[in-house]
$ cat data-v2.txt   # compact mmCIF, C-alpha atoms
# COMPACT_ATOMS: atom_id res chain seq x y z
CA MET T 1 -71.51 -43.89 -59.99
CA GLY T 2 -71.83 -40.41 -58.54
CA PHE T 3 -68.94 -38.06 -58.13
CA ALA T 4 -66.49 -39.36 -55.62
CA LEU T 5 -64.95 -37.33 -52.81
CA LEU T 6 -62.77 -34.47 -53.90
CA GLY T 7 -59.22 -35.51 -54.58
CA ALA T 8 -59.90 -39.18 -55.02
CA GLU T 9 -61.32 -39.80 -58.42
CA HIS T 10 -60.42 -37.03 -60.84
CA GLN T 11 -59.08 -38.78 -63.87
CA LYS T 12 -57.35 -35.90 -65.62
CA ARG T 13 -53.81 -37.08 -66.10
CA THR T 14 -51.08 -34.51 -66.35
CA GLU T 15 -48.45 -34.56 -69.03
CA LYS T 16 -45.03 -33.01 -68.93
CA GLY T 17 -45.25 -29.34 -69.83
CA ASP T 18 -48.97 -29.02 -69.02
CA ASP T 19 -50.18 -26.90 -66.15
CA MET T 20 -50.79 -29.00 -63.08
CA ALA T 21 -54.43 -29.94 -62.86
CA THR T 22 -55.94 -32.06 -60.11
CA GLY T 23 -54.43 -35.47 -60.69
CA VAL T 24 -55.03 -38.96 -59.41
CA LEU T 25 -54.34 -39.60 -55.73
CA LYS T 26 -51.35 -41.92 -55.39
CA ILE T 27 -50.00 -43.67 -52.32
CA SER T 28 -46.59 -45.19 -51.61
CA GLN T 29 -45.88 -48.48 -49.85
CA ASP T 30 -44.72 -46.31 -46.95
CA HIS T 31 -48.31 -45.02 -46.61
CA VAL T 32 -47.49 -41.52 -47.82
CA TYR T 33 -49.89 -40.04 -50.36
CA VAL T 34 -49.32 -37.68 -53.24
CA GLN T 35 -52.22 -35.57 -54.46
CA PRO T 36 -51.18 -33.59 -57.52
CA ASN T 37 -53.03 -30.30 -57.73
CA ASP T 38 -52.64 -26.80 -59.13
CA ASP T 39 -49.88 -25.89 -56.66
CA GLY T 40 -47.78 -29.01 -57.04
CA ALA T 41 -47.95 -32.27 -55.14
CA GLN T 42 -49.67 -32.31 -51.78
CA LEU T 43 -48.21 -34.91 -49.44
CA GLY T 44 -49.59 -36.49 -46.30
CA ILE T 45 -50.14 -39.87 -44.73
CA SER T 46 -52.88 -42.28 -45.77
CA ASP T 47 -56.01 -42.68 -43.66
CA PHE T 48 -54.87 -46.21 -42.84
CA ALA T 49 -51.60 -44.87 -41.44
CA ALA T 50 -53.32 -42.09 -39.50
CA GLU T 51 -55.60 -44.63 -37.89
CA ALA T 52 -52.84 -47.15 -37.22
CA LEU T 53 -50.61 -44.57 -35.58
CA GLY T 54 -53.27 -43.15 -33.32
CA THR T 55 -53.41 -39.52 -32.25
CA ILE T 56 -50.55 -37.61 -33.81
CA ILE T 57 -49.08 -35.34 -31.14
CA TYR T 58 -46.27 -33.72 -33.08
CA VAL T 59 -45.23 -33.20 -36.68
CA GLU T 60 -41.72 -32.28 -37.73
CA LEU T 61 -42.19 -30.27 -40.91
CA PRO T 62 -39.62 -29.58 -43.60
CA GLU T 63 -38.65 -26.03 -44.49
CA VAL T 64 -39.87 -24.29 -47.62
CA GLY T 65 -37.10 -24.63 -50.16
CA ASP T 66 -35.83 -27.99 -48.89
CA GLU T 67 -35.23 -30.50 -51.66
CA PHE T 68 -35.78 -34.22 -51.33
CA SER T 69 -35.08 -37.21 -53.49
CA LYS T 70 -37.59 -40.02 -53.55
CA ASN T 71 -37.32 -42.12 -50.36
CA GLN T 72 -35.45 -39.46 -48.40
CA PRO T 73 -37.24 -38.60 -45.14
CA PHE T 74 -39.08 -35.31 -45.62
CA ALA T 75 -41.05 -35.11 -42.38
CA ALA T 76 -41.72 -37.05 -39.19
CA VAL T 77 -44.88 -37.65 -37.19
CA GLU T 78 -45.02 -38.62 -33.56
CA SER T 79 -47.57 -40.69 -31.73
CA GLY T 80 -47.32 -42.44 -28.38
CA LYS T 81 -43.56 -41.87 -27.88
CA ALA T 82 -42.72 -43.15 -31.35
CA SER T 83 -41.34 -40.82 -34.00
CA ILE T 84 -41.92 -42.10 -37.51
CA GLU T 85 -39.92 -40.70 -40.39
CA LEU T 86 -41.88 -40.27 -43.60
CA PRO T 87 -39.99 -41.14 -46.80
CA ALA T 88 -40.74 -38.80 -49.70
CA PRO T 89 -42.82 -40.70 -52.27
CA ILE T 90 -41.48 -38.45 -55.03
CA SER T 91 -38.53 -36.12 -55.58
CA GLY T 92 -39.21 -32.44 -55.31
CA LYS T 93 -38.72 -29.10 -53.63
CA VAL T 94 -40.91 -27.91 -50.78
CA LEU T 95 -43.21 -25.07 -51.82
CA LYS T 96 -45.51 -24.94 -48.79
CA VAL T 97 -45.79 -26.58 -45.38
CA ASN T 98 -48.93 -26.88 -43.29
CA GLU T 99 -48.12 -24.71 -40.30
CA GLU T 100 -51.52 -25.51 -38.75
CA LEU T 101 -50.01 -28.84 -37.80
CA GLU T 102 -47.73 -27.07 -35.32
CA ASP T 103 -50.68 -26.23 -33.08
CA THR T 104 -53.06 -28.94 -34.17
CA PRO T 105 -51.07 -32.00 -35.21
CA ASP T 106 -54.15 -34.19 -34.97
CA LEU T 107 -55.59 -32.51 -38.05
CA ILE T 108 -53.91 -35.50 -39.62
CA ASN T 109 -56.22 -37.84 -37.72
CA GLN T 110 -59.24 -35.65 -38.41
CA ASP T 111 -58.79 -35.08 -42.13
CA THR T 112 -55.56 -36.44 -43.51
CA TYR T 113 -56.40 -35.95 -47.20
CA GLY T 114 -57.70 -32.41 -46.61
CA LYS T 115 -56.78 -30.13 -43.68
CA GLY T 116 -54.17 -32.61 -42.41
CA TRP T 117 -51.87 -32.21 -45.42
CA ILE T 118 -48.19 -31.99 -44.50
CA ALA T 119 -46.33 -30.32 -47.36
CA VAL T 120 -46.62 -29.37 -51.00
CA LEU T 121 -43.68 -30.28 -53.20
CA THR T 122 -42.84 -29.61 -56.83
CA ILE T 123 -42.99 -32.73 -58.97
CA GLN T 124 -39.46 -33.12 -60.23
CA GLU T 125 -40.06 -36.32 -62.14
CA VAL T 126 -43.62 -37.08 -63.27
CA ALA T 127 -42.64 -40.69 -64.00
CA GLU T 128 -42.19 -41.26 -60.26
CA LEU T 129 -45.96 -40.89 -59.85
CA ASP T 130 -46.39 -44.01 -61.99
CA GLU T 131 -44.34 -45.99 -59.48
CA LEU T 132 -46.95 -45.33 -56.79
CA MET T 133 -50.25 -47.11 -56.15
CA SER T 134 -53.70 -45.76 -56.90
CA LYS T 135 -56.09 -45.75 -53.93
CA PRO T 136 -57.85 -48.95 -55.06
CA ASP T 137 -54.47 -50.68 -55.53
CA TYR T 138 -53.37 -49.42 -52.14
CA ASP T 139 -56.51 -50.82 -50.53
CA LEU T 140 -55.73 -54.19 -52.15
CA PHE T 141 -52.15 -53.93 -50.92
CA LEU T 142 -53.43 -53.42 -47.38
CA ALA T 143 -55.90 -56.26 -47.67
CA SER T 144 -53.26 -58.71 -48.90
CA ALA T 145 -50.91 -57.68 -46.10
CA GLU T 146 -53.69 -58.49 -43.61
CA GLU T 147 -54.15 -61.95 -45.01
CA GLU T 148 -50.53 -63.00 -44.60
CA MET X 1 -23.51 -62.12 -41.39
CA THR X 2 -27.19 -62.87 -41.51
CA ASP X 3 -27.25 -66.30 -39.87
CA GLY X 4 -30.04 -66.63 -37.35
CA ASP X 5 -32.91 -64.24 -36.84
CA GLY X 6 -31.25 -61.88 -34.45
CA TRP X 7 -28.21 -60.63 -32.60
CA ILE X 8 -27.96 -59.67 -28.96
CA ALA X 9 -25.05 -57.46 -27.97
CA ASN X 10 -24.33 -56.37 -24.42
CA LEU X 11 -22.20 -53.28 -24.93
CA GLY X 12 -21.47 -52.79 -21.22
CA CYS X 13 -20.73 -49.12 -20.56
CA ALA X 14 -20.51 -47.22 -23.83
CA GLY X 15 -20.76 -43.61 -24.96
CA TYR X 16 -24.17 -42.28 -25.94
CA LEU X 17 -23.11 -40.80 -29.28
CA GLU X 18 -20.99 -43.81 -30.15
CA VAL X 19 -23.95 -46.13 -29.66
CA LEU X 20 -26.29 -43.72 -31.45
CA ASP X 21 -23.98 -43.86 -34.45
CA LEU X 22 -23.95 -47.66 -34.24
CA GLN X 23 -27.75 -47.72 -34.12
CA ARG X 24 -28.05 -45.52 -37.20
CA ARG X 25 -25.67 -47.72 -39.14
CA LEU X 26 -27.47 -50.85 -38.02
CA VAL X 27 -30.79 -49.36 -39.10
CA GLU X 28 -29.45 -48.70 -42.58
CA LEU X 29 -28.02 -52.20 -42.85
CA ARG X 30 -31.19 -53.73 -41.45
CA GLN X 31 -33.26 -51.96 -44.10
CA GLY X 32 -31.13 -53.69 -46.71
CA ASN X 33 -31.28 -57.06 -44.90
CA LEU X 34 -27.51 -57.03 -44.43
CA VAL X 35 -27.85 -57.59 -40.70
CA PRO X 36 -30.63 -59.35 -38.75
CA ASP X 37 -32.73 -57.73 -36.00
CA THR X 38 -30.32 -56.62 -33.30
CA LEU X 39 -30.85 -55.98 -29.60
CA LEU X 40 -28.35 -53.66 -27.93
CA LEU X 41 -28.07 -53.40 -24.14
CA VAL X 42 -25.94 -50.68 -22.66
CA GLU X 43 -25.27 -48.25 -19.81
CA HIS X 44 -24.35 -44.70 -20.76
CA GLU X 45 -22.43 -41.88 -19.16
CA PRO X 46 -24.76 -39.24 -17.67
CA VAL X 47 -26.55 -37.53 -20.57
CA ILE X 48 -29.80 -35.71 -21.12
CA THR X 49 -31.53 -36.31 -24.43
CA LEU X 50 -34.41 -34.51 -26.08
CA GLY X 51 -36.73 -36.11 -28.58
CA ARG X 52 -37.70 -34.41 -31.82
CA ARG X 53 -40.02 -32.03 -30.01
CA GLY X 54 -36.92 -30.65 -28.35
CA ASN X 55 -38.72 -29.02 -25.46
CA ARG X 56 -35.88 -27.50 -23.48
CA SER X 57 -38.22 -26.08 -20.87
CA ASN X 58 -38.23 -29.57 -19.38
CA ILE X 59 -34.54 -29.23 -18.53
CA MET X 60 -34.54 -27.70 -15.07
CA SER X 61 -30.88 -26.92 -14.56
CA PRO X 62 -28.99 -24.19 -16.38
CA SER X 63 -26.37 -25.29 -18.91
CA VAL X 64 -23.49 -24.18 -16.67
CA VAL X 65 -24.60 -26.54 -13.92
CA LEU X 66 -24.91 -29.42 -16.36
CA ALA X 67 -21.56 -28.60 -17.93
CA SER X 68 -19.89 -28.53 -14.51
CA GLU X 69 -21.23 -32.03 -13.86
CA GLY X 70 -20.11 -33.18 -17.30
CA ILE X 71 -23.68 -33.87 -18.41
CA GLN X 72 -24.16 -33.29 -22.13
CA ILE X 73 -27.46 -32.63 -23.88
CA HIS X 74 -28.31 -34.31 -27.18
CA LEU X 75 -31.23 -33.68 -29.50
CA VAL X 76 -32.18 -36.93 -31.20
CA GLU X 77 -34.69 -38.38 -33.61
CA ARG X 78 -36.81 -40.39 -31.19
CA GLY X 79 -40.32 -39.74 -29.94
CA GLY X 80 -40.97 -38.67 -26.37
CA ASP X 81 -39.76 -35.62 -24.50
CA VAL X 82 -36.73 -35.19 -22.29
CA THR X 83 -35.00 -38.10 -20.62
CA TYR X 84 -31.87 -38.88 -18.65
CA HIS X 85 -29.47 -41.77 -19.13
CA GLY X 86 -26.64 -42.68 -16.81
CA PRO X 87 -24.75 -45.44 -15.01
CA GLY X 88 -27.11 -47.81 -13.21
CA GLN X 89 -29.73 -47.47 -15.90
CA LEU X 90 -30.08 -50.29 -18.41
CA VAL X 91 -30.85 -48.93 -21.86
CA VAL X 92 -32.38 -51.34 -24.37
CA TYR X 93 -32.20 -50.54 -28.07
CA PRO X 94 -34.06 -53.01 -30.32
CA ILE X 95 -33.21 -52.54 -34.01
CA VAL X 96 -36.15 -54.50 -35.36
CA HIS X 97 -37.73 -54.65 -38.82
CA LEU X 98 -41.38 -54.18 -37.94
CA THR X 99 -42.98 -55.19 -41.21
CA GLN X 100 -40.81 -58.29 -41.59
CA ARG X 101 -41.97 -59.34 -38.14
CA LYS X 102 -45.54 -58.31 -39.06
CA LEU X 103 -45.63 -56.03 -36.06
CA SER X 104 -47.73 -52.91 -35.89
CA LEU X 105 -46.12 -49.97 -34.16
CA ARG X 106 -48.58 -50.24 -31.28
CA ARG X 107 -47.83 -53.91 -30.80
CA PHE X 108 -44.09 -53.26 -30.90
CA VAL X 109 -44.33 -50.60 -28.18
CA ASP X 110 -46.60 -52.89 -26.14
CA LEU X 111 -44.07 -55.72 -26.39
CA LEU X 112 -41.18 -53.48 -25.37
CA GLU X 113 -43.06 -52.40 -22.29
CA GLU X 114 -44.14 -56.00 -21.66
CA SER X 115 -40.54 -57.23 -21.60
CA ILE X 116 -39.74 -54.81 -18.79
CA ILE X 117 -42.99 -55.50 -16.94
CA LEU X 118 -42.14 -59.23 -16.93
CA VAL X 119 -38.59 -58.58 -15.71
CA LEU X 120 -39.93 -56.49 -12.85
CA ALA X 121 -42.32 -59.32 -12.00
CA ASP X 122 -39.28 -61.64 -11.90
CA PHE X 123 -37.98 -59.36 -9.15
CA GLY X 124 -41.29 -59.42 -7.31
CA MET X 125 -42.63 -56.05 -8.47
CA GLN X 126 -46.02 -55.42 -9.98
CA ALA X 127 -45.60 -53.04 -12.87
CA GLY X 128 -47.91 -51.88 -15.61
CA ARG X 129 -48.36 -49.59 -18.57
CA ASP X 130 -50.53 -46.58 -19.34
CA PRO X 131 -51.46 -46.12 -23.02
CA GLN X 132 -51.64 -42.37 -22.44
CA HIS X 133 -48.20 -42.25 -20.84
CA ARG X 134 -45.94 -44.81 -22.42
CA GLY X 135 -43.22 -46.39 -20.35
CA VAL X 136 -43.38 -48.75 -17.40
CA TRP X 137 -44.96 -47.73 -14.11
CA VAL X 138 -45.13 -49.14 -10.61
CA SER X 139 -48.30 -47.49 -9.35
CA HIS X 140 -47.79 -43.79 -10.11
CA LEU X 141 -44.00 -44.03 -10.28
CA LYS X 142 -42.18 -44.35 -13.58
CA VAL X 143 -39.44 -46.98 -13.55
CA ALA X 144 -38.72 -47.18 -17.30
CA ALA X 145 -38.92 -44.47 -19.95
CA LEU X 146 -39.67 -45.18 -23.58
CA GLY X 147 -38.95 -43.31 -26.79
CA VAL X 148 -38.53 -44.95 -30.17
CA ALA X 149 -37.88 -43.95 -33.75
CA ILE X 150 -38.97 -45.69 -36.93
CA ARG X 151 -37.03 -45.27 -40.15
CA ARG X 152 -38.44 -47.18 -43.13
CA TRP X 153 -40.00 -49.77 -40.86
CA VAL X 154 -36.89 -50.35 -38.74
CA SER X 155 -37.03 -49.34 -35.08
CA PHE X 156 -34.27 -47.74 -33.06
CA HIS X 157 -33.86 -45.92 -29.77
CA GLY X 158 -35.92 -47.82 -27.19
CA ILE X 159 -36.56 -48.16 -23.49
CA ALA X 160 -34.47 -47.32 -20.42
CA LEU X 161 -34.92 -49.20 -17.13
CA ASN X 162 -33.82 -47.49 -13.91
CA VAL X 163 -32.03 -50.27 -12.07
CA CYS X 164 -29.91 -48.18 -9.66
CA PRO X 165 -29.09 -44.83 -11.29
CA ASN X 166 -28.16 -41.65 -9.45
CA MET X 167 -31.67 -40.36 -8.71
CA ASP X 168 -30.36 -36.83 -8.01
CA HIS X 169 -29.61 -36.50 -11.71
CA PHE X 170 -33.30 -36.76 -12.50
CA CYS X 171 -33.79 -33.42 -10.78
CA HIS X 172 -32.03 -31.87 -13.75
CA ILE X 173 -35.00 -32.80 -15.90
CA ASN X 174 -37.98 -32.91 -13.56
CA PRO X 175 -39.03 -30.62 -10.75
CA CYS X 176 -38.60 -33.34 -8.18
CA GLU X 177 -41.13 -32.35 -5.57
CA LEU X 178 -44.13 -31.16 -7.46
CA LYS X 179 -44.42 -32.98 -10.73
CA SER X 180 -46.98 -35.73 -10.83
CA GLU X 181 -44.75 -37.85 -13.01
CA GLN X 182 -42.41 -39.19 -10.34
CA VAL X 183 -39.42 -41.25 -11.30
CA THR X 184 -38.23 -44.27 -9.39
CA SER X 185 -35.78 -47.15 -9.69
CA MET X 186 -35.67 -50.86 -8.94
CA ALA X 187 -33.22 -50.12 -6.11
CA ARG X 188 -35.67 -47.66 -4.52
CA LEU X 189 -38.61 -50.00 -4.91
CA LEU X 190 -36.75 -53.05 -3.59
CA GLY X 191 -34.85 -51.24 -0.86
CA GLU X 192 -31.64 -52.84 -2.14
CA THR X 193 -29.52 -52.64 -5.28
CA PRO X 194 -30.23 -55.44 -7.74
CA ASN X 195 -27.37 -57.03 -9.65
CA MET X 196 -27.09 -55.30 -13.03
CA GLU X 197 -25.86 -58.46 -14.75
CA GLU X 198 -28.82 -60.40 -13.45
CA VAL X 199 -31.25 -57.72 -14.62
CA THR X 200 -29.58 -57.62 -18.04
CA GLN X 201 -29.85 -61.39 -18.42
CA LYS X 202 -33.50 -61.30 -17.47
CA VAL X 203 -34.19 -58.51 -19.97
CA GLU X 204 -32.48 -60.51 -22.73
CA GLY X 205 -34.49 -63.59 -21.81
CA ARG X 206 -37.85 -61.85 -21.73
CA PHE X 207 -37.13 -59.98 -24.95
CA VAL X 208 -36.33 -63.20 -26.77
CA GLU X 209 -39.59 -64.73 -25.48
CA LEU X 210 -41.62 -61.84 -26.83
CA PHE X 211 -39.71 -61.50 -30.12
CA PRO X 212 -39.34 -65.13 -31.13
CA GLY X 213 -36.50 -66.31 -33.30
CA LYS X 214 -32.97 -67.65 -33.25
CA TRP X 215 -31.06 -65.00 -31.34
CA ARG X 216 -27.27 -65.23 -31.20
CA LYS X 217 -25.04 -63.43 -28.71
CA ILE X 218 -22.56 -61.22 -30.49
CA SER X 219 -19.62 -59.47 -28.87
CA PRO X 220 -19.34 -55.68 -29.11
CA THR X 221 -16.13 -56.06 -31.11
CA GLU X 222 -17.76 -58.46 -33.54
CA LEU X 223 -20.63 -56.04 -33.92
CA PHE X 224 -18.57 -52.89 -34.42
CA THR X 225 -16.16 -54.65 -36.78
CA GLY X 226 -18.90 -56.52 -38.62
CA VAL X 227 -21.00 -53.42 -39.10
CA ARG X 228 -17.99 -51.59 -40.54
CA ILE X 229 -17.42 -54.40 -43.02
CA GLU X 230 -21.06 -54.48 -44.04
CA ASN X 231 -21.05 -50.72 -44.48
CA ALA X 232 -18.11 -51.05 -46.84
CA ILE X 233 -19.89 -53.77 -48.80
CA ALA X 234 -23.05 -51.67 -48.97
CA ARG X 235 -21.17 -48.61 -50.22
CA ALA X 236 -19.40 -50.69 -52.85
CA LYS X 237 -22.70 -52.17 -54.02
CA ALA X 238 -24.35 -48.73 -54.09
CA LYS X 239 -21.56 -47.47 -56.32
CA SER X 240 -22.05 -50.32 -58.75
CA GLY X 241 -25.76 -49.48 -58.97
CA TYR X 242 -26.98 -52.46 -57.00
CA ASN X 243 -30.05 -51.46 -55.02
CA ILE X 244 -29.53 -52.60 -51.45
CA PHE X 245 -33.07 -51.64 -50.64
CA SER X 246 -34.71 -54.02 -53.11
CA LYS X 247 -36.80 -56.61 -51.29
$ encode --input "data-v2.txt" --output "structure tokens"
Amino acid sequence: MGFALLGAEHQKRTEKGDDMATGVLKISQDHVYVQPNDDGAQLGISDFAAEALGTIIYVELPEVGDEFSKNQPFAAVESGKASIELPAPISGKVLKVNEELEDTPDLINQDTYGKGWIAVLTIQEVAELDELMSKPDYDLFLASAEEE
Amino acid sequence: MTDGDGWIANLGCAGYLEVLDLQRRLVELRQGNLVPDTLLLVEHEPVITLGRRGNRSNIMSPSVVLASEGIQIHLVERGGDVTYHGPGQLVVYPIVHLTQRKLSLRRFVDLLEESIILVLADFGMQAGRDPQHRGVWVSHLKVAALGVAIRRWVSFHGIALNVCPNMDHFCHINPCELKSEQVTSMARLLGETPNMEEVTQKVEGRFVELFPGKWRKISPTELFTGVRIENAIARAKAKSGYNIFSK
């Protein structure tokens, strides 16, 4: 197997106390992804969600410094007159927000795992990452939901 | 409290903020399966609401004018831009658990629009939708405005059908002459004022057709009292560590 796309297959796991290295992409059942990297945890919506929602026309971003517990809404995306709140997949404090989304919200549709990132949070509780699905597990989760 | 698949409550004329508060509480309870899907039907006092985008440039009249007419402005968590609610307009708020009904967001919005399109057909009007401009249209005239919110898979806010509202009030939010998005009402289209009760019954009927299940009529009192009781139960359970959000 060749190297997979950046962000998807790096297997370096982080341990408490270590510097943040690029970790495994994880996705919540609410279709919000967490990509641990050097800055913290990059959050956005999965490609499935971006496709299902259609063109995102507005993103309500959190403020730098805001703190969220897991499952608290940290942002909202709007598409076709529906505003969807995004529950935080992990607890943390907002370090950065993607201000490009203010002018170009459909960066999410174009490149949700890259330029369409929404916010970077600190990882308050590393164990919460274990509660999320890996990309392969998430794909299975989607497939089984289809079959029902 | 959870007998049947759904509740329908006709709240008559009720305050915007009061019903918004009810919606938010119902959403929380619905997430925890403490209430079934609930359809609220209501007429509000004249209010202007802004969706999350909060674009105030779409409010044409200065605040003093609005204040003198007693029209309040509320910024709320729905999608869509500015809208007006008032007497003569039937507002429909479906609090529906999308994933439990296996509904995609697109399908849900389609069905909401469809319910109104079918009601208008019942009254002899040919209405349609435009995927680029959600809501319900009769040719180029908008007769129902749509703006929903989704919170952990449960919908709230909804769609507002202009039965016979005060059309002058719409000038507060749209430049009446020039804007291409013209607003209309059933009364304007029919040339006579339809019976609000009849329209409400038709909306309930069409909604139930499109969202199948055992729907039970619930009185506003039952709903407000019941929701308060469930809230108390939920808080008590939360305190004891019971996770009301576990599936």
$ interface_residues --input "data-v2.txt" --of "chain X" --to "chain T" --cutoff "7 Å" --atoms "all atoms listed in the file" --output "MDAnalysis selection string"
chainID X and resid 78:80 134 146:151
$ atom_distance --input "data-v2.txt" --atom1 "atom CA of Glu113 of chain X" --atom2 "atom CA of Gly135 of chain X"
6.3 Å
$ residues_around --input "data-v2.txt" --residues "Gly226 of chain X" --least-positions-apart "5" --cutoff "10 Å" --atoms "only C-alpha atoms" --output "PyMOL selection string"
chain X and resi 1+35+220-221+231-232
$ residues_around --input "data-v2.txt" --residues "Ile218 of chain X" --least-positions-apart "2" --cutoff "10 Å" --atoms "only C-alpha atoms" --output "number ranges by chain"
X: 6-11, 38-40, 215-216, 220-223
$ atom_distance --input "data-v2.txt" --atom1 "atom CA of Arg24 of chain X" --atom2 "atom CA of Phe156 of chain X"
7.8 Å
$ atom_distance --input "data-v2.txt" --atom1 "atom CA of Asn195 of chain X" --atom2 "atom CA of Glu45 of chain X"
18.6 Å
$ residues_near_point --input "data-v2.txt" --point "(-57.5, -42.4, -38.3)" --cutoff "12 Å" --atoms "only C-alpha atoms" --output "PyMOL selection string"
chain T and resi 45-56+106-113+116
$ residues_near_point --input "data-v2.txt" --point "(-49.8, -26.7, -51.4)" --cutoff "8 Å" --atoms "only C-alpha atoms" --output "VMD selection string"
chain T and resid 37 39 to 42 95 to 97 119 to 121
$ residues_around --input "data-v2.txt" --residues "Phe224 of chain X" --least-positions-apart "3" --cutoff "10 Å" --atoms "all atoms listed in the file" --output "ChimeraX atom specification"
/X:19,22,25-26,219-221,227-229
$ residues_around --input "data-v2.txt" --residues "Glu43 of chain X" --least-positions-apart "4" --cutoff "7 Å" --atoms "all atoms listed in the file" --output "list in words"
Gly12, Cys13, Ala14, Gly86, Pro87, Gly88, Gln89, Leu90 and Val91 of chain X
$ write_last_selection --input "data-v2.txt" --atoms "C-alpha atoms" --output "tab-separated table (two decimals), keeping the file's coordinate frame"
chain	number	residue	atom	x	y	z
X	12	GLY	CA	-21.47	-52.79	-21.22
X	13	CYS	CA	-20.73	-49.12	-20.56
X	14	ALA	CA	-20.51	-47.22	-23.83
X	86	GLY	CA	-26.64	-42.68	-16.81
X	87	PRO	CA	-24.75	-45.44	-15.01
X	88	GLY	CA	-27.11	-47.81	-13.21
X	89	GLN	CA	-29.73	-47.47	-15.90
X	90	LEU	CA	-30.08	-50.29	-18.41
X	91	VAL	CA	-30.85	-48.93	-21.86
$ axis_aligned_box --input "data-v2.txt" --around "segment 91-94 of chain X" --padding-each-side "5 Å" --output "JSON"
{"center_x": -32.5, "center_y": -51.0, "center_z": -26.1, "size_x": 13.2, "size_y": 14.1, "size_z": 18.5}
$ build_atoms --input "data-v2.txt" --residues "segment 51-64 of chain X" --atoms "N, CA and C atoms" --output "PDB file, in the frame of the given file"
ATOM      1  N   GLY X  51     -36.160 -35.547 -27.370  1.00  0.00           N
ATOM      2  CA  GLY X  51     -36.730 -36.110 -28.580  1.00  0.00           C
ATOM      3  C   GLY X  51     -36.932 -35.022 -29.613  1.00  0.00           C
ATOM      4  N   ARG X  52     -37.543 -35.382 -30.739  1.00  0.00           N
ATOM      5  CA  ARG X  52     -37.700 -34.410 -31.820  1.00  0.00           C
ATOM      6  C   ARG X  52     -38.404 -33.133 -31.393  1.00  0.00           C
ATOM      7  N   ARG X  53     -39.298 -33.239 -30.428  1.00  0.00           N
ATOM      8  CA  ARG X  53     -40.020 -32.030 -30.010  1.00  0.00           C
ATOM      9  C   ARG X  53     -39.086 -31.026 -29.368  1.00  0.00           C
ATOM     10  N   GLY X  54     -37.983 -31.530 -28.856  1.00  0.00           N
ATOM     11  CA  GLY X  54     -36.920 -30.650 -28.350  1.00  0.00           C
ATOM     12  C   GLY X  54     -37.350 -29.615 -27.347  1.00  0.00           C
ATOM     13  N   ASN X  55     -38.197 -30.002 -26.398  1.00  0.00           N
ATOM     14  CA  ASN X  55     -38.720 -29.020 -25.460  1.00  0.00           C
ATOM     15  C   ASN X  55     -37.752 -28.767 -24.313  1.00  0.00           C
ATOM     16  N   ARG X  56     -36.915 -27.771 -24.478  1.00  0.00           N
ATOM     17  CA  ARG X  56     -35.880 -27.500 -23.480  1.00  0.00           C
ATOM     18  C   ARG X  56     -36.426 -26.988 -22.162  1.00  0.00           C
ATOM     19  N   SER X  57     -37.679 -26.583 -22.137  1.00  0.00           N
ATOM     20  CA  SER X  57     -38.220 -26.080 -20.870  1.00  0.00           C
ATOM     21  C   SER X  57     -38.334 -27.203 -19.845  1.00  0.00           C
ATOM     22  N   ASN X  58     -38.213 -28.457 -20.328  1.00  0.00           N
ATOM     23  CA  ASN X  58     -38.230 -29.570 -19.380  1.00  0.00           C
ATOM     24  C   ASN X  58     -36.865 -29.872 -18.781  1.00  0.00           C
ATOM     25  N   ILE X  59     -35.857 -29.108 -19.168  1.00  0.00           N
ATOM     26  CA  ILE X  59     -34.540 -29.230 -18.530  1.00  0.00           C
ATOM     27  C   ILE X  59     -34.497 -28.161 -17.451  1.00  0.00           C
ATOM     28  N   MET X  60     -34.409 -28.610 -16.217  1.00  0.00           N
ATOM     29  CA  MET X  60     -34.540 -27.700 -15.070  1.00  0.00           C
ATOM     30  C   MET X  60     -33.278 -26.915 -14.782  1.00  0.00           C
ATOM     31  N   SER X  61     -32.134 -27.562 -14.971  1.00  0.00           N
ATOM     32  CA  SER X  61     -30.880 -26.920 -14.560  1.00  0.00           C
ATOM     33  C   SER X  61     -30.274 -26.104 -15.692  1.00  0.00           C
ATOM     34  N   PRO X  62     -29.657 -24.976 -15.342  1.00  0.00           N
ATOM     35  CA  PRO X  62     -28.990 -24.190 -16.380  1.00  0.00           C
ATOM     36  C   PRO X  62     -27.807 -24.952 -16.969  1.00  0.00           C
ATOM     37  N   SER X  63     -27.451 -24.587 -18.204  1.00  0.00           N
ATOM     38  CA  SER X  63     -26.370 -25.290 -18.910  1.00  0.00           C
ATOM     39  C   SER X  63     -25.068 -25.316 -18.119  1.00  0.00           C
ATOM     40  N   VAL X  64     -24.773 -24.223 -17.396  1.00  0.00           N
ATOM     41  CA  VAL X  64     -23.490 -24.180 -16.670  1.00  0.00           C
ATOM     42  C   VAL X  64     -23.426 -25.273 -15.608  1.00  0.00           C
TER      43      VAL X  64
END
